[in-house]
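Peer 1: What follows is a single structure, and I will ask about it in a moment.
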Amino acid sequence: MKILFYDTKSYDRESFQAILADYPNITIEYTKSDLDSRTAALAEGFDAVCAFVSSDIGAETLEILHSKEIGLILMRCAGFNNIDLDTARKYGIRIMRVPGYSPEAVAEHAMALALACNRRLYKAYNKVRENDFSLSGLMGFNFYQKTAGIIGTGKIGAAMCRICHGFGMKVIAHDVYQNESLKDFVEYVSLDRLLSDSDVISLHCPLMDSTYHIIDINTIKKMKDGVILVNTSRGALVKTDDLIEGIRMHKFAGVGLDVYEEETNNVFEDRSDEILEHSTTARLLSFPNVMITSHQGFFTREALEAIAATTLNNALDYQDGKKSANLV
Ligand code: NAI
């Protein structure tokens, strides 16, 4: 099977090449172009394409892929909201994905953000580099015996619960389903109680109609003063303008974000001054107690290895006509 690999980054190539020898019937050609209607024609002569969350796999792209006899799209990610599934079905194009790769990778990053905000690590780093060894502005609080509130206790939220439990925190959670594996040390509570009782709040639910802007000025007002809020899930869980209002009200000891509402507009890839000036993300960055990372929660060696292995196994299953739970 010949695969055209779109939107290749050096780390993608490394993780796939490291195991490709174990898949003698598969060859991969890499391109830096992302998959969309302008680049779909590059797939001529290939059997499958490998794409990512950033790809634009709408009707037009699928039409071109179909005309080039592509039967399989290998998504090297969990999400597939960027694919027109009806059109894919119409052309009989199969979509396979990687539903989970390393929940601990994201949960560990969420805790890293919480700790960095609490102990002002970014400020400490810069102060010491400038030869300022004073402790002013660096005081945090112990996580030990404080309350962690976890919203969404699926794979990543459950990993975050285990980490917080390991820190000696009291762990409360809110979810539409209770995760049985957590019953020994997690208490499920209403969203209101989670908001009012938690010292650290971490979001791990998916973005859906029911969770869109789950954190807005109303929910922020219900939080304790001096709370730490972490979002590694999806930007639009938090209404950014309201978050800024909450920060101005001195509600937060710290805010750690790996995802932000403007992410899909690639606001920081196009660093024009005008865009930055009007960007709410840039406004957030102006606050000293906000730390933003660039959607790197998943970005560990183990997660990339798991993504490569699952994607290539998906290709094999398709080739062998095997049933797979990873078929969308
Ligand atoms: P999952 O599907 O295992 O868990 C999601 C949980 O949220 C489920 O238990 C579900 O019942 C719960 N939920 C649904 N509606 C809810 C509501 N209204 N209130 C509270 N909980 C609700 O998903 P997983 O794998 O744990 O991923 C969670 C999110 O993490 C993903 O949706 C994605 O947005 C994000 N993510 C971020 C990454 C990063 O690099 N920062 C990488 C991978 C995922």
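Within each chain, counting starts at residue 1; across the structure tokens, chains are named A, B, ... in the order shown, with ligands numbered 1 upward in that order.
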Do a neighbour search on region 215-217 of chain A at 10 Å with only C-alpha atoms, toss out local chain neighbours closer than 2 positions, and write the hits as a list in words.
Peer 2: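 Counting only the stated atoms, we get Leu195, Leu203, Thr211, Tyr212, His213, Thr219, Ile220, Lys221, Lys222, Leu229, Ala236, Leu237, Val238, Lys239, Thr240, Asp241, Asp242, Leu243, Ile244, Glu245 and Gly246 of chain A.
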Peer 1: Would you mind listing the residues within 6 Å of ligand 1, counting only C-alpha atoms and all ligand atoms, as a PyMOL selection string?
Peer 2: chain A and resi 100+106+151-157+174-177+204-206+210-211+232-234+258+295-298
Peer 1: As a list in words, please: the residues near Asp199 (chain A) (cut-off 8 Å, only C-alpha atoms, same-chain neighbours under 5 positions excluded).
Peer 2: Lys146, Thr147, Ala148, Gly149, Lys224, Gly226, Val227 and Ile228 of chain A
Peer 1: Given the selection you just returned, output its residues as a file containing N, CA and C atoms, formatted as a compact mmCIF listing (two decimals), in the first residue's frame.
Peer 2:
# COMPACT_ATOMS: atom_id res chain seq x y z
N LYS A 146 -5.53 20.21 49.23
CA LYS A 146 -6.48 21.13 48.59
C LYS A 146 -7.42 20.32 47.70
N THR A 147 -8.40 20.98 47.12
CA THR A 147 -9.41 20.28 46.33
C THR A 147 -9.20 20.51 44.83
N ALA A 148 -9.11 19.39 44.09
CA ALA A 148 -9.03 19.45 42.62
C ALA A 148 -10.41 19.14 42.07
N GLY A 149 -10.90 19.98 41.17
CA GLY A 149 -12.20 19.75 40.53
C GLY A 149 -11.98 19.41 39.07
N LYS A 224 -14.15 29.82 43.70
CA LYS A 224 -13.45 30.44 44.84
C LYS A 224 -12.51 31.53 44.34
N GLY A 226 -8.98 33.11 44.01
CA GLY A 226 -7.65 32.51 44.09
C GLY A 226 -7.57 31.11 43.50
N VAL A 227 -8.57 30.75 42.69
CA VAL A 227 -8.59 29.42 42.06
C VAL A 227 -7.58 29.37 40.90
N ILE A 228 -7.13 28.17 40.57
CA ILE A 228 -6.32 27.98 39.35
C ILE A 228 -7.19 27.24 38.34
Peer 1: Near region 31-42 of chain A, counting only C-alpha atoms, which residues have an atom at most 9 Å away, once you skip same-chain residues fewer than 6 positions from it, shown as a PyMOL selection string?
Peer 2: chain A and resi 4-9+49-52+54-65+67-68
Peer 1: Between A:Thr280, A:Asn218, A:Ser15, A:Thr87, which residue has the minimum interatomic distance to Thr300 (chain A), considering only C-alpha atoms?
Peer 2: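 Result for the nearest residue to Thr300 (chain A): A:Ser15.
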Peer 1: Report, in Å to a single decimal, how far apart CA of Ala253 (chain A) and CA of Arg119 (chain A) are.
Peer 2: 9.9 Å
Peer 1: Among region 120-222 of chain A, which residues does DSSP mark as strand (DSSP E or B) when it is run on the backbone? Keep the chain and numbering as in the structure and answer as a VMD selection string.
Peer 2: chain A and resid 147 to 151 170 to 174 186 to 188 200 to 203 215
Peer 1: For Ile26 (chain A), find every residue with an atom within 12 Å (counting only C-alpha atoms), except residues of its own chain fewer than 5 positions away, and show them as a ChimeraX atom specification.
Peer 2: /A:1-4,16-17,19-21,46-48,311-316,318-319
Peer 1: Residues at most 12 Å from Asp86 (chain A), counting only C-alpha atoms, excluding those fewer than 2 positions away in the same chain, as a PyMOL selection string?
Peer 2: chain A and resi 57-59+62-63+81+83-84+88-95+328
Peer 1: Could you save those same residues with N, CA, C and O atoms as an mmCIF file, in the first residue's frame?
Peer 2:
data_model
loop_
_atom_site.group_PDB
_atom_site.id
_atom_site.type_symbol
_atom_site.label_atom_id
_atom_site.label_comp_id
_atom_site.auth_asym_id
_atom_site.auth_seq_id
_atom_site.Cartn_x
_atom_site.Cartn_y
_atom_site.Cartn_z
ATOM 1 N N ILE A 57 -11.054 18.345 4.823
ATOM 2 C CA ILE A 57 -11.499 17.169 4.065
ATOM 3 C C ILE A 57 -13.002 17.305 3.807
ATOM 4 O O ILE A 57 -13.817 16.470 4.185
ATOM 5 N N GLY A 58 -13.335 18.414 3.143
ATOM 6 C CA GLY A 58 -14.728 18.681 2.775
ATOM 7 C C GLY A 58 -15.083 17.965 1.484
ATOM 8 O O GLY A 58 -14.285 17.197 0.923
ATOM 9 N N ALA A 59 -16.287 18.266 0.970
ATOM 10 C CA ALA A 59 -16.819 17.565 -0.213
ATOM 11 C C ALA A 59 -15.884 17.677 -1.413
ATOM 12 O O ALA A 59 -15.623 16.684 -2.104
ATOM 13 N N LEU A 62 -12.810 15.500 -1.061
ATOM 14 C CA LEU A 62 -13.170 14.086 -1.186
ATOM 15 C C LEU A 62 -13.466 13.717 -2.644
ATOM 16 O O LEU A 62 -13.100 12.637 -3.109
ATOM 17 N N GLU A 63 -14.093 14.632 -3.356
ATOM 18 C CA GLU A 63 -14.401 14.391 -4.769
ATOM 19 C C GLU A 63 -13.103 14.150 -5.550
ATOM 20 O O GLU A 63 -12.994 13.223 -6.341
ATOM 21 N N ASN A 81 -13.943 15.871 12.931
ATOM 22 C CA ASN A 81 -14.973 16.870 12.625
ATOM 23 C C ASN A 81 -14.636 17.689 11.376
ATOM 24 O O ASN A 81 -15.461 18.451 10.898
ATOM 25 N N ILE A 83 -14.042 16.306 8.469
ATOM 26 C CA ILE A 83 -14.334 15.461 7.298
ATOM 27 C C ILE A 83 -15.828 15.515 6.997
ATOM 28 O O ILE A 83 -16.653 15.409 7.912
ATOM 29 N N ASP A 84 -16.173 15.659 5.727
ATOM 30 C CA ASP A 84 -17.576 15.577 5.322
ATOM 31 C C ASP A 84 -17.919 14.083 5.200
ATOM 32 O O ASP A 84 -17.670 13.451 4.169
ATOM 33 N N ALA A 88 -17.914 11.272 2.077
ATOM 34 C CA ALA A 88 -16.987 10.121 2.143
ATOM 35 C C ALA A 88 -17.771 8.823 1.946
ATOM 36 O O ALA A 88 -17.352 7.917 1.207
ATOM 37 N N ARG A 89 -18.920 8.745 2.606
ATOM 38 C CA ARG A 89 -19.768 7.544 2.500
ATOM 39 C C ARG A 89 -20.236 7.358 1.054
ATOM 40 O O ARG A 89 -20.198 6.282 0.511
ATOM 41 N N LYS A 90 -20.650 8.474 0.455
ATOM 42 C CA LYS A 90 -21.160 8.423 -0.926
ATOM 43 C C LYS A 90 -20.114 7.811 -1.872
ATOM 44 O O LYS A 90 -20.439 7.012 -2.749
ATOM 45 N N TYR A 91 -18.850 8.162 -1.666
ATOM 46 C CA TYR A 91 -17.788 7.652 -2.541
ATOM 47 C C TYR A 91 -17.165 6.359 -2.011
ATOM 48 O O TYR A 91 -16.207 5.849 -2.588
ATOM 49 N N GLY A 92 -17.654 5.866 -0.897
ATOM 50 C CA GLY A 92 -17.102 4.623 -0.338
ATOM 51 C C GLY A 92 -15.679 4.791 0.181
ATOM 52 O O GLY A 92 -14.903 3.825 0.240
ATOM 53 N N ILE A 93 -15.304 6.006 0.558
ATOM 54 C CA ILE A 93 -13.956 6.227 1.111
ATOM 55 C C ILE A 93 -13.992 5.898 2.599
ATOM 56 O O ILE A 93 -14.811 6.444 3.343
ATOM 57 N N ARG A 94 -13.112 4.992 3.024
ATOM 58 C CA ARG A 94 -13.065 4.619 4.446
ATOM 59 C C ARG A 94 -12.215 5.617 5.218
ATOM 60 O O ARG A 94 -11.202 6.101 4.710
ATOM 61 N N ILE A 95 -12.643 5.880 6.464
ATOM 62 C CA ILE A 95 -11.872 6.772 7.335
ATOM 63 C C ILE A 95 -11.481 5.972 8.571
ATOM 64 O O ILE A 95 -12.347 5.362 9.216
ATOM 65 N N VAL A 328 -14.180 4.939 11.276
ATOM 66 C CA VAL A 328 -15.168 5.977 11.661
ATOM 67 C C VAL A 328 -16.525 5.620 11.072
ATOM 68 O O VAL A 328 -16.628 5.356 9.883
#
Peer 1: Using Å and a single decimal, report how far CA of Leu115 (chain A) sits from CA of Phe167 (chain A).
Peer 2: 11.2 Å
Peer 1: Taking the DSSP secondary structure from the backbone, can you list the residues of region 70-211 of chain A that are alpha helix (DSSP H), as a compact mmCIF listing (two decimals) with all heavy atoms, in the first residue's frame?
Peer 2:
# COMPACT_ATOMS: atom_id res chain seq x y z
N LEU A 85 -18.47 13.54 6.27
CA LEU A 85 -18.68 12.08 6.35
C LEU A 85 -19.70 11.60 5.32
O LEU A 85 -19.56 10.51 4.76
CB LEU A 85 -19.13 11.69 7.75
CG LEU A 85 -18.08 11.83 8.86
CD1 LEU A 85 -18.66 11.42 10.21
CD2 LEU A 85 -16.83 11.01 8.56
N ASP A 86 -20.73 12.42 5.04
CA ASP A 86 -21.74 12.00 4.06
C ASP A 86 -21.11 11.81 2.69
O ASP A 86 -21.39 10.83 2.00
CB ASP A 86 -22.87 13.05 3.98
CG ASP A 86 -23.71 13.04 5.24
OD1 ASP A 86 -23.71 11.99 5.94
OD2 ASP A 86 -24.34 14.07 5.55
N THR A 87 -20.26 12.76 2.32
CA THR A 87 -19.60 12.66 1.00
C THR A 87 -18.64 11.47 0.97
O THR A 87 -18.57 10.74 -0.01
CB THR A 87 -18.86 13.98 0.67
OG1 THR A 87 -19.78 15.05 0.82
CG2 THR A 87 -18.31 13.97 -0.73
N ALA A 88 -17.91 11.27 2.08
CA ALA A 88 -16.99 10.12 2.14
C ALA A 88 -17.77 8.82 1.95
O ALA A 88 -17.35 7.92 1.21
CB ALA A 88 -16.26 10.11 3.48
N ARG A 89 -18.92 8.75 2.61
CA ARG A 89 -19.77 7.54 2.50
C ARG A 89 -20.24 7.36 1.05
O ARG A 89 -20.20 6.28 0.51
CB ARG A 89 -20.96 7.69 3.45
CG ARG A 89 -21.51 6.36 3.95
CD ARG A 89 -22.54 6.54 5.06
NE ARG A 89 -21.97 7.11 6.28
CZ ARG A 89 -22.40 8.24 6.87
NH1 ARG A 89 -23.41 8.94 6.35
NH2 ARG A 89 -21.84 8.67 7.97
N LYS A 90 -20.65 8.47 0.45
CA LYS A 90 -21.16 8.42 -0.93
C LYS A 90 -20.11 7.81 -1.87
O LYS A 90 -20.44 7.01 -2.75
CB LYS A 90 -21.51 9.86 -1.38
CG LYS A 90 -22.04 9.96 -2.78
CD LYS A 90 -22.56 11.36 -3.07
CE LYS A 90 -21.67 12.04 -4.10
NZ LYS A 90 -21.97 13.46 -4.28
N PRO A 103 -3.49 9.29 27.17
CA PRO A 103 -4.19 10.23 28.04
C PRO A 103 -3.27 10.85 29.08
O PRO A 103 -3.40 12.03 29.43
CB PRO A 103 -5.27 9.38 28.71
CG PRO A 103 -4.99 7.96 28.38
CD PRO A 103 -4.08 7.94 27.20
N GLU A 104 -2.26 10.08 29.52
CA GLU A 104 -1.34 10.61 30.53
C GLU A 104 -0.55 11.79 29.99
O GLU A 104 -0.21 12.71 30.73
CB GLU A 104 -0.36 9.52 31.02
CG GLU A 104 -0.98 8.48 31.92
CD GLU A 104 -1.84 7.47 31.18
OE1 GLU A 104 -1.67 7.35 29.94
OE2 GLU A 104 -2.69 6.82 31.81
N ALA A 105 -0.25 11.77 28.67
CA ALA A 105 0.52 12.89 28.10
C ALA A 105 -0.22 14.20 28.34
O ALA A 105 0.37 15.19 28.79
CB ALA A 105 0.73 12.67 26.59
N VAL A 106 -1.53 14.21 28.06
CA VAL A 106 -2.31 15.45 28.21
C VAL A 106 -2.51 15.78 29.69
O VAL A 106 -2.37 16.94 30.11
CB VAL A 106 -3.67 15.34 27.48
CG1 VAL A 106 -4.43 16.66 27.57
CG2 VAL A 106 -3.48 14.93 26.03
N ALA A 107 -2.81 14.75 30.49
CA ALA A 107 -3.05 15.00 31.92
C ALA A 107 -1.78 15.53 32.60
O ALA A 107 -1.84 16.46 33.42
CB ALA A 107 -3.52 13.71 32.60
N GLU A 108 -0.63 14.96 32.25
CA GLU A 108 0.62 15.45 32.86
C GLU A 108 0.87 16.90 32.46
O GLU A 108 1.36 17.71 33.26
CB GLU A 108 1.80 14.56 32.43
CG GLU A 108 1.78 13.20 33.13
CD GLU A 108 2.86 12.23 32.63
OE1 GLU A 108 3.82 12.67 31.97
OE2 GLU A 108 2.72 11.02 32.89
N HIS A 109 0.51 17.24 31.23
CA HIS A 109 0.69 18.64 30.81
C HIS A 109 -0.26 19.56 31.57
O HIS A 109 0.11 20.68 31.94
CB HIS A 109 0.49 18.77 29.30
CG HIS A 109 0.88 20.12 28.77
ND1 HIS A 109 2.18 20.57 28.75
CD2 HIS A 109 0.15 21.15 28.28
CE1 HIS A 109 2.23 21.80 28.27
NE2 HIS A 109 1.00 22.18 27.98
N ALA A 110 -1.48 19.07 31.81
CA ALA A 110 -2.45 19.87 32.59
C ALA A 110 -1.88 20.14 33.99
O ALA A 110 -1.95 21.27 34.49
CB ALA A 110 -3.79 19.15 32.67
N MET A 111 -1.31 19.12 34.61
CA MET A 111 -0.73 19.33 35.95
C MET A 111 0.49 20.24 35.87
O MET A 111 0.70 21.09 36.74
CB MET A 111 -0.38 17.97 36.58
CG MET A 111 0.17 18.09 37.98
SD MET A 111 -0.84 19.14 39.09
CE MET A 111 -1.68 17.94 40.10
N ALA A 112 1.28 20.10 34.79
CA ALA A 112 2.45 20.98 34.62
C ALA A 112 1.99 22.44 34.55
O ALA A 112 2.60 23.33 35.17
CB ALA A 112 3.22 20.61 33.35
N LEU A 113 0.91 22.71 33.83
CA LEU A 113 0.39 24.08 33.73
C LEU A 113 -0.09 24.57 35.09
O LEU A 113 0.18 25.72 35.48
CB LEU A 113 -0.77 24.14 32.72
CG LEU A 113 -0.39 24.15 31.24
CD1 LEU A 113 -1.63 24.02 30.37
CD2 LEU A 113 0.35 25.43 30.87
N ALA A 114 -0.81 23.69 35.82
CA ALA A 114 -1.33 24.09 37.14
C ALA A 114 -0.17 24.44 38.07
O ALA A 114 -0.19 25.46 38.77
CB ALA A 114 -2.17 22.96 37.73
N LEU A 115 0.87 23.60 38.07
CA LEU A 115 2.02 23.83 38.96
C LEU A 115 2.80 25.08 38.54
O LEU A 115 3.21 25.88 39.38
CB LEU A 115 2.95 22.62 38.95
CG LEU A 115 2.41 21.36 39.65
CD1 LEU A 115 3.31 20.17 39.34
CD2 LEU A 115 2.34 21.59 41.15
N ALA A 116 2.99 25.23 37.22
CA ALA A 116 3.75 26.38 36.73
C ALA A 116 3.04 27.68 37.11
O ALA A 116 3.68 28.66 37.50
CB ALA A 116 3.94 26.28 35.22
N CYS A 117 1.70 27.68 36.99
CA CYS A 117 0.93 28.89 37.38
C CYS A 117 1.04 29.11 38.88
O CYS A 117 1.25 30.23 39.34
CB CYS A 117 -0.55 28.70 37.04
SG CYS A 117 -0.91 28.80 35.31
N ASN A 118 0.86 28.04 39.64
CA ASN A 118 0.83 28.18 41.10
C ASN A 118 2.14 28.72 41.64
O ASN A 118 2.16 29.63 42.46
CB ASN A 118 0.51 26.82 41.73
CG ASN A 118 0.48 26.89 43.24
OD1 ASN A 118 0.08 27.90 43.81
ND2 ASN A 118 0.91 25.83 43.89
N LEU A 121 6.39 29.69 37.81
CA LEU A 121 7.67 29.22 37.29
C LEU A 121 8.19 30.07 36.14
O LEU A 121 9.39 30.29 36.00
CB LEU A 121 7.57 27.75 36.87
CG LEU A 121 7.35 26.75 38.00
CD1 LEU A 121 7.43 25.32 37.48
CD2 LEU A 121 8.38 26.94 39.12
N TYR A 122 7.24 30.56 35.30
CA TYR A 122 7.68 31.38 34.15
C TYR A 122 8.30 32.69 34.66
O TYR A 122 9.31 33.16 34.15
CB TYR A 122 6.52 31.66 33.20
CG TYR A 122 5.20 31.93 33.90
CD1 TYR A 122 4.83 33.21 34.28
CD2 TYR A 122 4.36 30.86 34.22
CE1 TYR A 122 3.65 33.42 34.96
CE2 TYR A 122 3.18 31.07 34.91
CZ TYR A 122 2.82 32.36 35.28
OH TYR A 122 1.65 32.57 35.97
N LYS A 123 7.70 33.25 35.72
CA LYS A 123 8.23 34.49 36.29
C LYS A 123 9.57 34.23 36.98
O LYS A 123 10.54 34.99 36.81
CB LYS A 123 7.22 35.02 37.31
CG LYS A 123 7.47 36.42 37.78
CD LYS A 123 6.29 36.93 38.59
CE LYS A 123 6.52 38.36 39.02
NZ LYS A 123 5.38 38.88 39.75
N ALA A 124 9.63 33.12 37.74
CA ALA A 124 10.86 32.76 38.45
C ALA A 124 12.00 32.56 37.46
O ALA A 124 13.13 33.04 37.67
CB ALA A 124 10.63 31.49 39.26
N TYR A 125 11.72 31.89 36.36
CA TYR A 125 12.72 31.60 35.33
C TYR A 125 13.31 32.91 34.78
O TYR A 125 14.52 33.08 34.70
CB TYR A 125 12.04 30.78 34.22
CG TYR A 125 12.87 30.50 33.01
CD1 TYR A 125 13.80 29.45 33.02
CD2 TYR A 125 12.74 31.26 31.85
CE1 TYR A 125 14.56 29.17 31.89
CE2 TYR A 125 13.50 30.99 30.73
CZ TYR A 125 14.41 29.96 30.76
OH TYR A 125 15.17 29.69 29.65
N ASN A 126 12.38 33.84 34.46
CA ASN A 126 12.84 35.11 33.88
C ASN A 126 13.59 35.96 34.91
O ASN A 126 14.59 36.60 34.59
CB ASN A 126 11.66 35.89 33.31
CG ASN A 126 11.19 35.26 32.02
OD1 ASN A 126 12.00 34.79 31.22
ND2 ASN A 126 9.89 35.20 31.81
N LYS A 127 13.09 35.95 36.17
CA LYS A 127 13.75 36.77 37.20
C LYS A 127 15.20 36.32 37.39
O LYS A 127 16.13 37.13 37.39
CB LYS A 127 13.00 36.63 38.54
CG LYS A 127 11.83 37.60 38.70
CD LYS A 127 10.94 37.20 39.86
CE LYS A 127 11.61 37.41 41.20
NZ LYS A 127 11.10 38.60 41.90
N VAL A 128 15.38 35.01 37.57
CA VAL A 128 16.72 34.49 37.86
C VAL A 128 17.66 34.74 36.68
O VAL A 128 18.83 35.08 36.86
CB VAL A 128 16.63 32.98 38.24
CG1 VAL A 128 18.01 32.35 38.28
CG2 VAL A 128 15.95 32.84 39.59
N ARG A 129 17.13 34.62 35.47
CA ARG A 129 17.96 34.90 34.29
C ARG A 129 18.43 36.36 34.27
O ARG A 129 19.45 36.69 33.68
CB ARG A 129 17.20 34.61 33.00
CG ARG A 129 17.17 33.13 32.67
CD ARG A 129 16.23 32.87 31.54
NE ARG A 129 16.79 33.30 30.27
CZ ARG A 129 17.50 32.50 29.47
NH1 ARG A 129 17.72 31.25 29.83
NH2 ARG A 129 17.98 32.93 28.35
N LYS A 155 -10.94 9.40 29.46
CA LYS A 155 -9.58 8.87 29.54
C LYS A 155 -8.60 9.89 30.15
O LYS A 155 -7.84 9.57 31.06
CB LYS A 155 -9.11 8.46 28.13
CG LYS A 155 -9.88 7.26 27.57
CD LYS A 155 -9.44 6.88 26.18
CE LYS A 155 -9.95 7.79 25.09
NZ LYS A 155 -11.40 7.80 24.89
N ILE A 156 -8.65 11.14 29.64
CA ILE A 156 -7.68 12.13 30.11
C ILE A 156 -8.05 12.64 31.51
O ILE A 156 -7.20 12.74 32.40
CB ILE A 156 -7.57 13.31 29.11
CG1 ILE A 156 -7.05 12.78 27.76
CG2 ILE A 156 -6.64 14.40 29.64
CD1 ILE A 156 -7.11 13.78 26.62
N GLY A 157 -9.34 12.92 31.72
CA GLY A 157 -9.80 13.40 33.03
C GLY A 157 -9.49 12.38 34.12
O GLY A 157 -9.10 12.75 35.25
N ALA A 158 -9.66 11.09 33.80
CA ALA A 158 -9.37 10.04 34.79
C ALA A 158 -7.87 10.04 35.14
O ALA A 158 -7.49 9.90 36.31
CB ALA A 158 -9.79 8.68 34.27
N ALA A 159 -7.03 10.22 34.11
CA ALA A 159 -5.57 10.27 34.36
C ALA A 159 -5.26 11.48 35.25
O ALA A 159 -4.43 11.39 36.17
CB ALA A 159 -4.81 10.35 33.04
N MET A 160 -5.95 12.59 35.01
CA MET A 160 -5.74 13.80 35.84
C MET A 160 -6.20 13.55 37.27
O MET A 160 -5.54 13.99 38.23
CB MET A 160 -6.49 14.98 35.21
CG MET A 160 -6.23 16.30 35.90
SD MET A 160 -4.47 16.79 35.82
CE MET A 160 -4.57 18.44 36.49
N CYS A 161 -7.32 12.83 37.45
CA CYS A 161 -7.79 12.49 38.81
C CYS A 161 -6.71 11.68 39.54
O CYS A 161 -6.43 11.93 40.72
CB CYS A 161 -9.08 11.65 38.75
SG CYS A 161 -10.53 12.58 38.26
N ARG A 162 -6.11 10.70 38.84
CA ARG A 162 -5.08 9.87 39.49
C ARG A 162 -3.88 10.71 39.89
O ARG A 162 -3.31 10.54 40.97
CB ARG A 162 -4.65 8.73 38.54
CG ARG A 162 -5.72 7.65 38.35
CD ARG A 162 -5.17 6.43 37.61
NE ARG A 162 -4.82 6.73 36.23
CZ ARG A 162 -5.66 6.61 35.20
NH1 ARG A 162 -6.91 6.18 35.39
NH2 ARG A 162 -5.28 6.89 33.97
N ILE A 163 -3.48 11.65 39.00
CA ILE A 163 -2.33 12.51 39.32
C ILE A 163 -2.64 13.37 40.55
O ILE A 163 -1.83 13.47 41.48
CB ILE A 163 -1.97 13.39 38.10
CG1 ILE A 163 -1.39 12.51 36.97
CG2 ILE A 163 -0.97 14.48 38.49
CD1 ILE A 163 -1.19 13.24 35.66
N CYS A 164 -3.84 13.98 40.57
CA CYS A 164 -4.20 14.87 41.70
C CYS A 164 -4.29 14.05 42.99
O CYS A 164 -3.86 14.52 44.05
CB CYS A 164 -5.53 15.56 41.41
SG CYS A 164 -5.43 16.74 40.06
N HIS A 165 -4.83 12.84 42.89
CA HIS A 165 -4.89 11.96 44.06
C HIS A 165 -3.47 11.68 44.57
O HIS A 165 -3.22 11.71 45.79
CB HIS A 165 -5.60 10.66 43.67
CG HIS A 165 -5.73 9.66 44.76
ND1 HIS A 165 -6.41 9.93 45.92
CD2 HIS A 165 -5.26 8.39 44.88
CE1 HIS A 165 -6.36 8.87 46.71
NE2 HIS A 165 -5.66 7.93 46.10
N GLY A 166 -2.56 11.45 43.64
CA GLY A 166 -1.16 11.21 44.01
C GLY A 166 -0.52 12.39 44.72
O GLY A 166 0.41 12.23 45.50
N LEU A 191 -22.04 20.51 39.06
CA LEU A 191 -21.09 21.49 38.53
C LEU A 191 -20.96 22.68 39.49
O LEU A 191 -19.84 23.14 39.76
CB LEU A 191 -21.56 21.97 37.14
CG LEU A 191 -20.62 22.96 36.44
CD1 LEU A 191 -19.23 22.37 36.22
CD2 LEU A 191 -21.21 23.42 35.11
N ASP A 192 -22.08 23.13 40.04
CA ASP A 192 -22.03 24.27 40.96
C ASP A 192 -21.13 23.98 42.16
O ASP A 192 -20.35 24.83 42.59
CB ASP A 192 -23.44 24.62 41.46
CG ASP A 192 -24.16 25.51 40.45
OD1 ASP A 192 -23.55 25.82 39.40
OD2 ASP A 192 -25.32 25.88 40.72
N ARG A 193 -21.26 22.77 42.70
CA ARG A 193 -20.43 22.45 43.88
C ARG A 193 -18.97 22.34 43.51
O ARG A 193 -18.09 22.79 44.25
CB ARG A 193 -20.93 21.15 44.55
CG ARG A 193 -20.45 21.15 45.95
CD ARG A 193 -20.84 20.13 46.87
NE ARG A 193 -19.61 19.63 47.43
CZ ARG A 193 -19.40 18.39 47.76
NH1 ARG A 193 -20.36 17.49 47.59
NH2 ARG A 193 -18.26 18.03 48.27
N LEU A 194 -18.72 21.77 42.34
CA LEU A 194 -17.32 21.68 41.89
C LEU A 194 -16.72 23.09 41.78
O LEU A 194 -15.60 23.34 42.24
CB LEU A 194 -17.26 20.96 40.54
CG LEU A 194 -15.84 20.75 39.99
CD1 LEU A 194 -15.71 19.37 39.35
CD2 LEU A 194 -15.40 21.82 39.02
N LEU A 195 -17.51 24.00 41.20
CA LEU A 195 -16.99 25.36 41.01
C LEU A 195 -16.71 26.04 42.35
O LEU A 195 -15.69 26.71 42.52
CB LEU A 195 -18.01 26.19 40.20
CG LEU A 195 -18.25 25.71 38.76
CD1 LEU A 195 -19.47 26.40 38.17
CD2 LEU A 195 -17.03 25.93 37.88
N SER A 196 -17.64 25.85 43.31
CA SER A 196 -17.48 26.59 44.57
C SER A 196 -16.44 25.97 45.50
O SER A 196 -15.88 26.66 46.33
CB SER A 196 -18.83 26.68 45.29
OG SER A 196 -19.26 25.39 45.65
N ASP A 197 -16.15 24.66 45.35
CA ASP A 197 -15.28 23.99 46.31
C ASP A 197 -13.83 23.80 45.85
O ASP A 197 -12.98 23.45 46.66
CB ASP A 197 -15.84 22.59 46.64
CG ASP A 197 -17.07 22.67 47.52
OD1 ASP A 197 -17.60 23.78 47.67
OD2 ASP A 197 -17.50 21.61 48.04
Peer 1: Between A:Asn289, A:Ser10, A:Ser294, A:Asn326, which is the closest to Arg120 (chain A) once you count only C-alpha atoms?
Peer 2: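 Checking each candidate against Arg120 (chain A), we get A:Asn289 as the closest.
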Peer 1: One decimal, in Å: what's the spacing between CA of Ser198 (chain A) and CA of Met223 (chain A)?
Peer 2: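 According to the coordinates, CA of Ser198 (chain A) and CA of Met223 (chain A) are separated by 7.4 Å.
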